[in-house]
Amino acid sequence: MNDKQLSFETDLKTLDANAWLGEIDDICDELGFFEQLGQRHFAGFLEAGNKLLVTFEDTECIRDHNIDAEPRGFQYARQDGWSNMALLSNGESWFRDEAVYDFFDRLVDEGFFENFEQIVFYGANGGGYAAAAFSVAAPGATVIALRPQATLEAKAAGWDPRYKSQRKLDFVSRYGYAPEMLEASQHAFIVYDPIQRLDAGHAALFRKPDVTLVPCPLLGGQLDNAFDRMGIHDPMLKLAMDGELTGQRFFHLLRARRYDLGYTRAFVRWLVMNNHPHMAAIVCQYMLQRGQNDFFANTLKTLKTT
């Protein structure tokens with residue numbers, strides 16, 4: 001299967017949830033396939049070249065935050081000729097559904113993943129968990145999991161009091177404990193904010209030899225949105241698909257946070273909270289040199305009067 005850029009357009013921004021899903025269904029049916037997996041999940045495949053991006057995303061987050069309100073892999077099918085398998089959920093589900101397990105079992109039985117030379121599994125939050133957990137179906141894949149949970153099973157992660165309503169989901173059976181499911185991956189990048197104590201606890205459970213932990217302090221719980229703001233999502237995925245992403249390359253990309261307003265505001269607050277007013281003032285002055293901003297101006301004024 002050679003790389004071939006797909007030619008299709010979308011107009012999804014103004015659609016309601018049902019119309020949006022119907023449009024995704026039509027596009028995938030024309031260029032690959034689309035399947036409903038149980039009541040809450042869907043799989044849309046765009047057949048292009050011999051590189052495959054497998055994404056796990058919540059439909060509401062796609063519609064609210066993604067460029068052009070389309071699944072993240074669509075742009076790569078058009079611009080780079082990557083095939084894309086988009087796993088979609090209605091609501092945050094961690095993709096814990098028998099129909100999803102059966103779908104991946106079938107792909108394995110059919111040798112689906114053997115048709116591709118390079119495969120990247122990607123997801124954020126519950127999708128990050130799923131990217132790690134289901135990557136075992138494609139040995140040799142690269143995994144990028146932003147802020148993943150290792151599991152929500154009470155016995156293994158009872159120290160995490162969040163997501164109480166999701167603890168009834170099955171995290172024990174097939175594709176269950178995400179760190180163990182990485183045993184067949186070529187390399188996995190677990191990306192998290194170490195200041196988010198519970199997220200750091202989950203990240204610490206990913207201990208396989210080919211796992212690289214990527215701490216992103218002060219970028220918070222929505223790393224995918226932060227990476228979009230910083231302009232590093234695209235180069236991160238392309239480096240991963242080319243087999244060139246390393247911890248060092250990742251940290252080099254993260255230098256872009258110096259110019260991100262969300263990060264620098266959080267950094268200044270952290271400096272003030274931890275009694276580093278002089279350094280906080282320096283950061284405020286630096287950001288004001290780049291452009292006027294009320295937060296940095298007001299904070300600098302407060303620092304000078306205290």
# chains A, B, ... in the order shown; residues from 1 in each chain; ligands from 1
>>> residues_around(residues="Leu87 in chain A", least_positions_apart="6", cutoff="12 Å", atoms="only C-alpha atoms", output="JSON, numbers by chain")
{"A": [24, 34, 35, 36, 37, 40, 41, 42, 43, 44, 45, 46, 53, 54, 55, 56, 57, 58, 59, 62, 71, 72, 73, 93, 94, 95, 96, 99, 100, 101, 103, 104, 121, 122, 123, 126, 127, 128, 130, 131, 134]}
>>> write_last_selection(atoms="C-alpha atoms", output="compact mmCIF listing (two decimals), in the first residue's frame")
# COMPACT_ATOMS: atom_id res chain seq x y z
CA ILE A 24 -18.16 11.38 9.45
CA PHE A 34 -17.44 3.17 9.29
CA GLU A 35 -18.85 0.93 12.03
CA GLN A 36 -20.91 1.48 15.15
CA LEU A 37 -19.45 -0.43 18.08
CA ARG A 40 -21.41 4.61 22.55
CA HIS A 41 -18.52 3.89 20.21
CA PHE A 42 -17.68 4.12 16.53
CA ALA A 43 -14.76 3.27 14.27
CA GLY A 44 -14.06 5.29 11.14
CA PHE A 45 -11.29 4.20 8.77
CA LEU A 46 -9.73 6.23 5.96
CA LEU A 53 -2.48 6.70 12.73
CA VAL A 54 -4.90 5.18 15.27
CA THR A 55 -6.64 7.82 17.35
CA PHE A 56 -9.00 7.63 20.33
CA GLU A 57 -11.16 10.72 20.78
CA ASP A 58 -14.38 11.90 22.39
CA THR A 59 -16.79 13.32 19.82
CA ILE A 62 -13.45 16.93 18.68
CA PRO A 71 -11.04 13.83 13.96
CA ARG A 72 -7.34 14.53 14.39
CA GLY A 73 -6.24 11.99 11.80
CA SER A 93 -15.71 6.15 28.29
CA TRP A 94 -12.08 4.97 28.36
CA PHE A 95 -13.33 2.79 25.44
CA ARG A 96 -14.26 0.04 27.90
CA ALA A 99 -17.91 -4.21 21.20
CA VAL A 100 -14.61 -2.30 21.09
CA TYR A 101 -12.68 -5.34 22.34
CA PHE A 103 -13.50 -4.97 17.01
CA PHE A 104 -9.79 -5.09 17.84
CA PHE A 121 -1.50 4.94 18.52
CA TYR A 122 -2.49 8.31 19.95
CA GLY A 123 -4.94 9.56 22.57
CA GLY A 126 -9.30 8.47 28.59
CA GLY A 127 -8.18 8.20 24.97
CA GLY A 128 -4.58 8.11 26.18
CA ALA A 130 -7.09 3.46 25.34
CA ALA A 131 -4.14 4.20 23.04
CA PHE A 134 -5.26 -1.34 22.61
>>> residues_around(residues="Gly81 in chain A", least_positions_apart="2", cutoff="7 Å", atoms="only C-alpha atoms", output="ChimeraX atom specification")
/A:3-6,48-49,76-79,83
>>> write_last_selection(atoms="N, CA and C atoms", output="short mmCIF file (atom, residue, chain, number, x, y, z; two decimals), in the first residue's frame")
data_model
loop_
_atom_site.label_atom_id
_atom_site.label_comp_id
_atom_site.auth_asym_id
_atom_site.auth_seq_id
_atom_site.Cartn_x
_atom_site.Cartn_y
_atom_site.Cartn_z
N ASP A 3 1.79 5.43 -0.14
CA ASP A 3 1.18 6.64 0.39
C ASP A 3 0.37 7.33 -0.70
N LYS A 4 -0.83 7.70 -0.38
CA LYS A 4 -1.63 8.48 -1.32
C LYS A 4 -2.48 9.45 -0.51
N GLN A 5 -2.38 10.70 -0.86
CA GLN A 5 -3.15 11.72 -0.16
C GLN A 5 -4.60 11.63 -0.61
N LEU A 6 -5.49 11.61 0.36
CA LEU A 6 -6.91 11.55 0.04
C LEU A 6 -7.44 12.96 -0.23
N ALA A 48 -5.55 5.15 3.10
CA ALA A 48 -4.63 5.93 2.28
C ALA A 48 -3.35 5.12 2.09
N GLY A 49 -2.25 5.53 2.76
CA GLY A 49 -0.97 4.86 2.55
C GLY A 49 -0.64 3.82 3.59
N TYR A 76 -4.05 14.33 8.31
CA TYR A 76 -2.89 13.57 7.86
C TYR A 76 -3.23 12.68 6.67
N ALA A 77 -4.47 12.24 6.59
CA ALA A 77 -4.91 11.48 5.42
C ALA A 77 -4.88 12.37 4.18
N ARG A 78 -5.21 13.65 4.34
CA ARG A 78 -5.20 14.59 3.22
C ARG A 78 -3.79 15.06 2.88
N GLN A 79 -3.05 15.49 3.89
CA GLN A 79 -1.78 16.17 3.66
C GLN A 79 -0.59 15.24 3.53
N SER A 83 -3.00 6.54 6.41
CA SER A 83 -4.30 5.97 6.74
C SER A 83 -4.65 6.34 8.18
#
>>> closest_residue(among="A:Leu12, A:Leu303, A:Ala184, A:Ile232", to="His252 in chain A", atoms="only C-alpha atoms")
A:Ile232
>>> closest_residue(among="A:Asp199, A:Glu70, A:Asp260, A:Glu153", to="Arg229 in chain A", atoms="only C-alpha atoms")
A:Asp260
>>> residues_around(residues="Ser135 in chain A", least_positions_apart="2", cutoff="9 Å", atoms="only C-alpha atoms", output="list in words")
Val120, Phe121, Ala130, Ala131, Ala132, Ala133, Ala137, Ala138, Pro139, Gly140, Ala141, Thr142, Val143, Tyr175, Met181, Leu182, Ala184 and Ser185 of chain A
>>> closest_residue(among="A:Ala188, A:Ala226, A:Leu198, A:Ala266", to="Asp210 in chain A", atoms="only C-alpha atoms")
A:Ala188
>>> select_by_dssp(residues="range 94-277 of chain A", states="alpha helix (DSSP H)", output="VMD selection string")
chain A and resid 98 to 109 126 to 134 154 to 157 178 to 181 197 to 203 223 to 230 233 to 241 247 to 253 261 to 273 277
>>> write_last_selection(atoms="C-alpha atoms", output="PDB file, in the first residue's frame")
ATOM      1  CA  GLU A  98     -17.111  -5.420  24.714  1.00  0.00           C
ATOM      2  CA  ALA A  99     -17.910  -4.207  21.205  1.00  0.00           C
ATOM      3  CA  VAL A 100     -14.612  -2.303  21.095  1.00  0.00           C
ATOM      4  CA  TYR A 101     -12.680  -5.344  22.345  1.00  0.00           C
ATOM      5  CA  ASP A 102     -14.361  -7.512  19.714  1.00  0.00           C
ATOM      6  CA  PHE A 103     -13.504  -4.974  17.011  1.00  0.00           C
ATOM      7  CA  PHE A 104      -9.787  -5.092  17.844  1.00  0.00           C
ATOM      8  CA  ASP A 105      -9.895  -8.874  18.157  1.00  0.00           C
ATOM      9  CA  ARG A 106     -11.324  -9.008  14.635  1.00  0.00           C
ATOM     10  CA  LEU A 107      -8.667  -6.646  13.269  1.00  0.00           C
ATOM     11  CA  VAL A 108      -5.996  -8.904  14.731  1.00  0.00           C
ATOM     12  CA  ASP A 109      -7.606 -12.065  13.324  1.00  0.00           C
ATOM     13  CA  GLY A 126      -9.302   8.472  28.587  1.00  0.00           C
ATOM     14  CA  GLY A 127      -8.180   8.201  24.973  1.00  0.00           C
ATOM     15  CA  GLY A 128      -4.578   8.106  26.185  1.00  0.00           C
ATOM     16  CA  TYR A 129      -5.432   5.127  28.356  1.00  0.00           C
ATOM     17  CA  ALA A 130      -7.089   3.464  25.342  1.00  0.00           C
ATOM     18  CA  ALA A 131      -4.138   4.196  23.035  1.00  0.00           C
ATOM     19  CA  ALA A 132      -1.861   2.339  25.446  1.00  0.00           C
ATOM     20  CA  ALA A 133      -4.311  -0.467  26.193  1.00  0.00           C
ATOM     21  CA  PHE A 134      -5.256  -1.337  22.613  1.00  0.00           C
ATOM     22  CA  ALA A 154     -10.350   0.166  42.577  1.00  0.00           C
ATOM     23  CA  LYS A 155      -7.846  -2.471  43.734  1.00  0.00           C
ATOM     24  CA  ALA A 156      -5.029  -1.056  41.584  1.00  0.00           C
ATOM     25  CA  ALA A 157      -5.897   2.656  41.652  1.00  0.00           C
ATOM     26  CA  ALA A 178      -2.724  -0.231  30.183  1.00  0.00           C
ATOM     27  CA  PRO A 179       0.924  -0.517  31.369  1.00  0.00           C
ATOM     28  CA  GLU A 180       0.944  -4.257  30.667  1.00  0.00           C
ATOM     29  CA  MET A 181      -0.590  -3.767  27.230  1.00  0.00           C
ATOM     30  CA  ARG A 197      -0.220  14.592  41.711  1.00  0.00           C
ATOM     31  CA  LEU A 198      -2.788  11.960  40.708  1.00  0.00           C
ATOM     32  CA  ASP A 199      -1.762  12.098  37.050  1.00  0.00           C
ATOM     33  CA  ALA A 200       1.855  11.624  38.110  1.00  0.00           C
ATOM     34  CA  GLY A 201       0.804   8.596  40.145  1.00  0.00           C
ATOM     35  CA  HIS A 202      -0.687   6.949  37.063  1.00  0.00           C
ATOM     36  CA  ALA A 203       2.346   7.819  34.947  1.00  0.00           C
ATOM     37  CA  LEU A 223      -2.297  18.587  27.330  1.00  0.00           C
ATOM     38  CA  ASP A 224      -3.780  18.090  23.873  1.00  0.00           C
ATOM     39  CA  ASN A 225      -5.206  21.620  23.924  1.00  0.00           C
ATOM     40  CA  ALA A 226      -1.913  23.001  25.236  1.00  0.00           C
ATOM     41  CA  PHE A 227       0.065  21.243  22.500  1.00  0.00           C
ATOM     42  CA  ASP A 228      -2.288  22.663  19.875  1.00  0.00           C
ATOM     43  CA  ARG A 229      -1.769  26.188  21.246  1.00  0.00           C
ATOM     44  CA  MET A 230       1.995  25.691  21.225  1.00  0.00           C
ATOM     45  CA  HIS A 233       1.105  18.492  18.136  1.00  0.00           C
ATOM     46  CA  ASP A 234       1.811  18.150  14.437  1.00  0.00           C
ATOM     47  CA  PRO A 235       5.629  17.814  14.623  1.00  0.00           C
ATOM     48  CA  MET A 236       5.256  15.399  17.559  1.00  0.00           C
ATOM     49  CA  LEU A 237       3.042  13.032  15.556  1.00  0.00           C
ATOM     50  CA  LYS A 238       5.196  13.309  12.428  1.00  0.00           C
ATOM     51  CA  LEU A 239       8.373  12.540  14.354  1.00  0.00           C
ATOM     52  CA  ALA A 240       6.643   9.542  15.908  1.00  0.00           C
ATOM     53  CA  MET A 241       5.434   8.261  12.542  1.00  0.00           C
ATOM     54  CA  GLY A 247      12.638  11.937  24.850  1.00  0.00           C
ATOM     55  CA  GLN A 248      15.232  14.528  23.862  1.00  0.00           C
ATOM     56  CA  ARG A 249      13.275  15.558  20.738  1.00  0.00           C
ATOM     57  CA  PHE A 250      10.128  15.779  22.854  1.00  0.00           C
ATOM     58  CA  PHE A 251      11.757  18.071  25.378  1.00  0.00           C
ATOM     59  CA  HIS A 252      13.081  20.214  22.538  1.00  0.00           C
ATOM     60  CA  LEU A 253       9.521  20.631  21.249  1.00  0.00           C
ATOM     61  CA  LEU A 261       0.332  32.372  27.593  1.00  0.00           C
ATOM     62  CA  GLY A 262      -1.344  29.491  29.437  1.00  0.00           C
ATOM     63  CA  TYR A 263       1.993  28.075  30.563  1.00  0.00           C
ATOM     64  CA  THR A 264       3.652  31.378  31.423  1.00  0.00           C
ATOM     65  CA  ARG A 265       0.676  32.532  33.491  1.00  0.00           C
ATOM     66  CA  ALA A 266       0.766  29.231  35.411  1.00  0.00           C
ATOM     67  CA  PHE A 267       4.535  29.573  35.833  1.00  0.00           C
ATOM     68  CA  VAL A 268       4.232  33.071  37.265  1.00  0.00           C
ATOM     69  CA  ARG A 269       1.519  31.951  39.704  1.00  0.00           C
ATOM     70  CA  TRP A 270       3.725  29.018  40.766  1.00  0.00           C
ATOM     71  CA  LEU A 271       6.716  31.315  41.309  1.00  0.00           C
ATOM     72  CA  VAL A 272       4.665  33.699  43.443  1.00  0.00           C
ATOM     73  CA  MET A 273       3.134  30.847  45.448  1.00  0.00           C
ATOM     74  CA  PRO A 277       8.877  37.100  43.430  1.00  0.00           C
TER      75      PRO A 277
END
>>> closest_residue(among="A:Gln196, A:Gln39, A:Gln149, A:Thr14", to="Gly91 in chain A", atoms="only C-alpha atoms")
A:Gln39
>>> residues_around(residues="Thr212 in chain A", least_positions_apart="6", cutoff="9 Å", atoms="only C-alpha atoms", output="JSON, numbers by chain")
{"A": [187, 188, 189, 190, 191, 206, 246, 247]}
>>> select_by_dssp(residues="range 127-280 of chain A", states="strand (DSSP E)", output="PDB file with N, CA, C and O atoms, in the first residue's frame")
ATOM      1  N   THR A 142       4.197   2.569  17.778  1.00  0.00           N
ATOM      2  CA  THR A 142       4.604   3.640  18.692  1.00  0.00           C
ATOM      3  C   THR A 142       3.351   4.195  19.357  1.00  0.00           C
ATOM      4  O   THR A 142       2.317   4.343  18.702  1.00  0.00           O
ATOM      5  N   VAL A 143       3.437   4.496  20.640  1.00  0.00           N
ATOM      6  CA  VAL A 143       2.289   4.981  21.399  1.00  0.00           C
ATOM      7  C   VAL A 143       2.601   6.355  21.968  1.00  0.00           C
ATOM      8  O   VAL A 143       3.667   6.569  22.555  1.00  0.00           O
ATOM      9  N   ILE A 144       1.674   7.275  21.779  1.00  0.00           N
ATOM     10  CA  ILE A 144       1.737   8.576  22.447  1.00  0.00           C
ATOM     11  C   ILE A 144       0.470   8.724  23.268  1.00  0.00           C
ATOM     12  O   ILE A 144      -0.630   8.808  22.717  1.00  0.00           O
ATOM     13  N   ALA A 145       0.621   8.722  24.579  1.00  0.00           N
ATOM     14  CA  ALA A 145      -0.519   8.806  25.492  1.00  0.00           C
ATOM     15  C   ALA A 145      -0.369  10.051  26.347  1.00  0.00           C
ATOM     16  O   ALA A 145       0.565  10.146  27.146  1.00  0.00           O
ATOM     17  N   LEU A 146      -1.271  11.011  26.154  1.00  0.00           N
ATOM     18  CA  LEU A 146      -1.233  12.241  26.923  1.00  0.00           C
ATOM     19  C   LEU A 146      -2.124  12.088  28.154  1.00  0.00           C
ATOM     20  O   LEU A 146      -3.310  11.812  28.042  1.00  0.00           O
ATOM     21  N   HIS A 187       7.845   1.657  21.115  1.00  0.00           N
ATOM     22  CA  HIS A 187       8.183   2.720  22.055  1.00  0.00           C
ATOM     23  C   HIS A 187       6.886   3.402  22.480  1.00  0.00           C
ATOM     24  O   HIS A 187       5.974   3.536  21.671  1.00  0.00           O
ATOM     25  N   ALA A 188       6.829   3.812  23.720  1.00  0.00           N
ATOM     26  CA  ALA A 188       5.651   4.511  24.233  1.00  0.00           C
ATOM     27  C   ALA A 188       6.096   5.765  24.963  1.00  0.00           C
ATOM     28  O   ALA A 188       7.084   5.745  25.719  1.00  0.00           O
ATOM     29  N   PHE A 189       5.371   6.844  24.735  1.00  0.00           N
ATOM     30  CA  PHE A 189       5.635   8.110  25.394  1.00  0.00           C
ATOM     31  C   PHE A 189       4.439   8.444  26.278  1.00  0.00           C
ATOM     32  O   PHE A 189       3.321   8.623  25.788  1.00  0.00           O
ATOM     33  N   ILE A 190       4.678   8.488  27.576  1.00  0.00           N
ATOM     34  CA  ILE A 190       3.638   8.792  28.561  1.00  0.00           C
ATOM     35  C   ILE A 190       3.857  10.234  29.005  1.00  0.00           C
ATOM     36  O   ILE A 190       4.844  10.552  29.665  1.00  0.00           O
ATOM     37  N   VAL A 191       2.926  11.090  28.613  1.00  0.00           N
ATOM     38  CA  VAL A 191       3.095  12.529  28.772  1.00  0.00           C
ATOM     39  C   VAL A 191       2.147  13.012  29.867  1.00  0.00           C
ATOM     40  O   VAL A 191       0.953  12.713  29.828  1.00  0.00           O
ATOM     41  N   TYR A 192       2.652  13.775  30.839  1.00  0.00           N
ATOM     42  CA  TYR A 192       1.840  14.136  31.997  1.00  0.00           C
ATOM     43  C   TYR A 192       2.404  15.382  32.658  1.00  0.00           C
ATOM     44  O   TYR A 192       3.566  15.770  32.417  1.00  0.00           O
ATOM     45  N   VAL A 211       9.353   2.493  27.588  1.00  0.00           N
ATOM     46  CA  VAL A 211       8.465   3.609  27.917  1.00  0.00           C
ATOM     47  C   VAL A 211       9.310   4.820  28.287  1.00  0.00           C
ATOM     48  O   VAL A 211      10.241   4.722  29.086  1.00  0.00           O
ATOM     49  N   THR A 212       8.999   5.955  27.699  1.00  0.00           N
ATOM     50  CA  THR A 212       9.634   7.223  28.063  1.00  0.00           C
ATOM     51  C   THR A 212       8.596   8.105  28.742  1.00  0.00           C
ATOM     52  O   THR A 212       7.557   8.408  28.153  1.00  0.00           O
ATOM     53  N   LEU A 213       8.862   8.472  29.978  1.00  0.00           N
ATOM     54  CA  LEU A 213       7.998   9.403  30.687  1.00  0.00           C
ATOM     55  C   LEU A 213       8.389  10.830  30.301  1.00  0.00           C
ATOM     56  O   LEU A 213       9.565  11.187  30.333  1.00  0.00           O
ATOM     57  N   VAL A 214       7.390  11.614  29.933  1.00  0.00           N
ATOM     58  CA  VAL A 214       7.634  12.988  29.481  1.00  0.00           C
ATOM     59  C   VAL A 214       6.888  13.947  30.409  1.00  0.00           C
ATOM     60  O   VAL A 214       5.705  14.235  30.205  1.00  0.00           O
ATOM     61  N   PRO A 215       7.535  14.443  31.451  1.00  0.00           N
ATOM     62  CA  PRO A 215       6.866  15.390  32.353  1.00  0.00           C
ATOM     63  C   PRO A 215       6.721  16.759  31.699  1.00  0.00           C
ATOM     64  O   PRO A 215       7.657  17.260  31.073  1.00  0.00           O
TER      65      PRO A 215
END
>>> closest_residue(among="A:Glu92, A:Ala17, A:Asp11, A:Trp82", to="Asp68 in chain A", atoms="only C-alpha atoms")
A:Asp11
>>> closest_residue(among="A:Phe296, A:Ala69, A:Glu47, A:Leu31", to="Asp16 in chain A", atoms="only C-alpha atoms")
A:Ala69
